[in-house]
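J.: Quick one: the structure is below, questions incoming.
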Amino acid sequence: INALFLITVSAAILIKLTTVDQGLTRGWTASEITLRIPMDNWGSYYHVLTQSPIQTKAVTSATVYTIGDIIAQKTEGSSIGQLDRMRILRSLLAGLLGHGPLSHYWYDISERFFNDTLHWTAWWSFFPKVVLDQTTWGPFWNNTYILFLGILKQQPWDTIWSDIKRTTVPLIVSGLKLWPLAHCVTYGLVPLENRLLWVDMVEIVWVSILATQAASTAAVGEQQQQQQQQSDTI
């Protein structure tokens, strides 16, 4: 079932991307088609982004979080047939309902704070933006992700809080290995409206780390809960 689903979705996406210029390519050379397809797909994405920025970013993040969780499960040793579909669904919802919309507002607020309030618009202003991102938004979203997954799994609050405390520092340390350099590009080179798309491309790596950390933490939490129940029984 997992393999059939992945093949179907991949085929649908591929067909959609390659037929963006359907009906317009008569008389085009192969090189013209190869050049125009990426450009016109980008144009279509940008049009949708302009018309519905929050919804577009939500779907983009949902896609990335789905891919990231699948990669994480494959890295953990699961075959295609063994993929945990509910875990993938939870990651999809985290991107759709959480990361996409919240990131939209974060990048907008951050940009207005530095440009309109502090009036820091010089080339070096991306340095404090990166520092602010890593000390506020990064930890906030990491913990929100753990909280969101815990709620979807209907875990008790004590377990969720324990997971948040257990993962906060390791995720910050892991993030420092990836995000400062990536965000030099985010805040230094990428236009505001395209920042989440760039971040989401990098997030495929990060979500793999995040999903793996969340899954391992949940396993530890469940083991501790079972041990506690056994102790209470004794």
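Here's how to read the names in the structure tokens: chain A, B, ... by the order shown, residue numbers from 1 in each chain, ligand numbers from 1 in the order shown.
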Pick out the residues sitting within 9 Å of stretch 164-176 of chain A, and hand them over as a list of chain:residue names; count only C-alpha atoms, and ignore anything fewer than 4 positions along from it in its own chain.
T.: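 Contacts, with the query itself left out: A:Gln134, A:Thr135, A:Gly138, A:Pro139, A:Asn142, A:Asn143, A:Thr144, A:Ile146, A:Leu147, A:Thr159, A:Ile160, A:Pro180, A:Leu181, A:Trp206, A:Ile209, A:Leu210, A:Gln213, A:Ala214, A:Thr217.
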J.: Could you give me, as an MDAnalysis selection string, the residues within 12 Å of stretch 110-123 of chain A, counting only C-alpha atoms and dropping anything in the same chain fewer than 6 positions from it?
T.: chainID A and resid 103:104 129:133 136:137 184 186:189 191:193 195
J.: Can you tell me, as an MDAnalysis selection string, what residues are no more than 7 Å from stretch 82-86 of chain A when counting only C-alpha atoms, ignoring any on the same chain fewer than 4 positions away?
T.: chainID A and resid 73 78 90
J.: Dump N, CA and C atoms for the selected residues as a compact mmCIF listing (two decimals), in the first residue's frame?
T.:
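part-v4.txt, freshly written:
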```txt
# COMPACT_ATOMS: atom_id res chain seq x y z
N GLN A 73 12.36 7.94 8.47
CA GLN A 73 11.99 6.55 8.71
C GLN A 73 12.86 5.60 7.90
N SER A 78 13.47 1.50 8.21
CA SER A 78 12.17 1.01 7.76
C SER A 78 12.15 0.87 6.24
N ARG A 90 1.02 12.86 10.76
CA ARG A 90 1.25 13.86 11.81
C ARG A 90 2.27 14.90 11.37
```
J.: Could you tell me how far atom CA of A:Asp69 lies from atom CA of A:Ile88, in Å and to one decimal?
T.: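 Spanning atom CA of A:Asp69 to atom CA of A:Ile88 is a straight-line distance of 6.0 Å.
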J.: A:Arg87: which residues within 12 Å, counting only C-alpha atoms, same-chain residues fewer than 2 positions away excluded, as a list in words?
T.: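 Listing them by chain and then by number gives Tyr65, Thr66, Ile67, Gly68, Asp69, Ile70, Ala72, Gln73, Gln82, Leu83, Asp84, Arg85, Leu89, Arg90, Ser91, Leu92, Leu93, Ala94, Leu149, Gly150, Leu152, Lys153, Ala211, Thr212, Ala214, Ala215 and Ala218 of chain A.
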J.: Give me a file of those residues, with N, CA, C and O atoms, as an mmCIF file, in the first residue's frame.
T.:
```cif
data_model
loop_
_atom_site.group_PDB
_atom_site.id
_atom_site.type_symbol
_atom_site.label_atom_id
_atom_site.label_comp_id
_atom_site.auth_asym_id
_atom_site.auth_seq_id
_atom_site.Cartn_x
_atom_site.Cartn_y
_atom_site.Cartn_z
ATOM 1 N N TYR A 65 7.635 18.468 5.093
ATOM 2 C CA TYR A 65 7.592 17.684 6.324
ATOM 3 C C TYR A 65 7.230 16.230 6.046
ATOM 4 O O TYR A 65 7.697 15.323 6.738
ATOM 5 N N THR A 66 6.422 16.001 5.033
ATOM 6 C CA THR A 66 6.109 14.626 4.635
ATOM 7 C C THR A 66 7.351 13.934 4.094
ATOM 8 O O THR A 66 7.676 12.807 4.499
ATOM 9 N N ILE A 67 8.044 14.602 3.181
ATOM 10 C CA ILE A 67 9.270 14.028 2.602
ATOM 11 C C ILE A 67 10.304 13.799 3.694
ATOM 12 O O ILE A 67 10.961 12.745 3.750
ATOM 13 N N GLY A 68 10.466 14.779 4.595
ATOM 14 C CA GLY A 68 11.457 14.664 5.657
ATOM 15 C C GLY A 68 11.184 13.488 6.571
ATOM 16 O O GLY A 68 12.110 12.774 6.985
ATOM 17 N N ASP A 69 9.909 13.253 6.908
ATOM 18 C CA ASP A 69 9.594 12.139 7.796
ATOM 19 C C ASP A 69 9.819 10.801 7.111
ATOM 20 O O ASP A 69 10.286 9.843 7.747
ATOM 21 N N ILE A 70 9.492 10.732 5.827
ATOM 22 C CA ILE A 70 9.754 9.493 5.085
ATOM 23 C C ILE A 70 11.242 9.199 5.048
ATOM 24 O O ILE A 70 11.683 8.060 5.273
ATOM 25 N N ALA A 72 13.434 10.231 7.226
ATOM 26 C CA ALA A 72 13.838 9.867 8.593
ATOM 27 C C ALA A 72 13.531 8.397 8.867
ATOM 28 O O ALA A 72 14.358 7.674 9.442
ATOM 29 N N GLN A 73 12.355 7.944 8.466
ATOM 30 C CA GLN A 73 11.992 6.546 8.712
ATOM 31 C C GLN A 73 12.865 5.598 7.902
ATOM 32 O O GLN A 73 13.244 4.520 8.397
ATOM 33 N N GLN A 82 7.057 -0.775 5.534
ATOM 34 C CA GLN A 82 7.004 -0.624 6.992
ATOM 35 C C GLN A 82 6.807 0.825 7.434
ATOM 36 O O GLN A 82 6.762 1.099 8.629
ATOM 37 N N LEU A 83 6.693 1.758 6.496
ATOM 38 C CA LEU A 83 6.543 3.158 6.864
ATOM 39 C C LEU A 83 5.291 3.360 7.719
ATOM 40 O O LEU A 83 4.224 2.827 7.434
ATOM 41 N N ASP A 84 5.463 4.139 8.778
ATOM 42 C CA ASP A 84 4.361 4.451 9.690
ATOM 43 C C ASP A 84 3.538 5.583 9.076
ATOM 44 O O ASP A 84 3.923 6.754 9.131
ATOM 45 N N ARG A 85 2.385 5.231 8.496
ATOM 46 C CA ARG A 85 1.584 6.225 7.795
ATOM 47 C C ARG A 85 1.002 7.284 8.735
ATOM 48 O O ARG A 85 0.876 8.444 8.366
ATOM 49 N N LEU A 89 1.485 11.253 8.516
ATOM 50 C CA LEU A 89 0.338 12.165 8.530
ATOM 51 C C LEU A 89 0.515 13.244 9.588
ATOM 52 O O LEU A 89 0.201 14.417 9.347
ATOM 53 N N ARG A 90 1.023 12.864 10.756
ATOM 54 C CA ARG A 90 1.251 13.857 11.814
ATOM 55 C C ARG A 90 2.273 14.897 11.375
ATOM 56 O O ARG A 90 2.114 16.099 11.637
ATOM 57 N N SER A 91 3.332 14.461 10.703
ATOM 58 C CA SER A 91 4.333 15.414 10.220
ATOM 59 C C SER A 91 3.738 16.323 9.143
ATOM 60 O O SER A 91 4.017 17.527 9.107
ATOM 61 N N LEU A 92 2.921 15.735 8.270
ATOM 62 C CA LEU A 92 2.249 16.539 7.238
ATOM 63 C C LEU A 92 1.399 17.631 7.878
ATOM 64 O O LEU A 92 1.456 18.801 7.470
ATOM 65 N N LEU A 93 0.626 17.271 8.896
ATOM 66 C CA LEU A 93 -0.233 18.248 9.565
ATOM 67 C C LEU A 93 0.588 19.302 10.300
ATOM 68 O O LEU A 93 0.189 20.471 10.366
ATOM 69 N N ALA A 94 1.746 18.890 10.834
ATOM 70 C CA ALA A 94 2.616 19.858 11.512
ATOM 71 C C ALA A 94 3.103 20.917 10.536
ATOM 72 O O ALA A 94 3.191 22.104 10.874
ATOM 73 N N LEU A 149 2.902 17.209 17.860
ATOM 74 C CA LEU A 149 2.876 15.759 17.670
ATOM 75 C C LEU A 149 2.296 15.063 18.894
ATOM 76 O O LEU A 149 1.549 14.085 18.768
ATOM 77 N N GLY A 150 2.648 15.558 20.085
ATOM 78 C CA GLY A 150 2.117 14.959 21.303
ATOM 79 C C GLY A 150 0.609 15.074 21.391
ATOM 80 O O GLY A 150 -0.081 14.128 21.803
ATOM 81 N N LEU A 152 -1.463 15.372 18.798
ATOM 82 C CA LEU A 152 -2.041 14.486 17.793
ATOM 83 C C LEU A 152 -2.012 13.029 18.232
ATOM 84 O O LEU A 152 -2.896 12.247 17.873
ATOM 85 N N LYS A 153 -1.002 12.661 19.013
ATOM 86 C CA LYS A 153 -0.894 11.284 19.517
ATOM 87 C C LYS A 153 -1.686 11.083 20.804
ATOM 88 O O LYS A 153 -1.675 10.004 21.366
ATOM 89 N N ALA A 211 12.269 14.781 13.045
ATOM 90 C CA ALA A 211 11.360 13.642 13.155
ATOM 91 C C ALA A 211 12.024 12.476 13.861
ATOM 92 O O ALA A 211 11.394 11.786 14.679
ATOM 93 N N THR A 212 13.299 12.240 13.558
ATOM 94 C CA THR A 212 14.024 11.166 14.225
ATOM 95 C C THR A 212 14.139 11.433 15.712
ATOM 96 O O THR A 212 13.941 10.539 16.556
ATOM 97 N N ALA A 214 12.170 13.336 17.552
ATOM 98 C CA ALA A 214 10.845 13.229 18.162
ATOM 99 C C ALA A 214 10.448 11.776 18.358
ATOM 100 O O ALA A 214 9.880 11.408 19.399
ATOM 101 N N ALA A 215 10.740 10.933 17.367
ATOM 102 C CA ALA A 215 10.377 9.523 17.460
ATOM 103 C C ALA A 215 11.171 8.821 18.562
ATOM 104 O O ALA A 215 10.624 8.044 19.343
ATOM 105 N N ALA A 218 9.894 9.973 21.941
ATOM 106 C CA ALA A 218 8.615 9.347 22.263
ATOM 107 C C ALA A 218 8.819 7.920 22.730
ATOM 108 O O ALA A 218 8.161 7.448 23.664
#
```
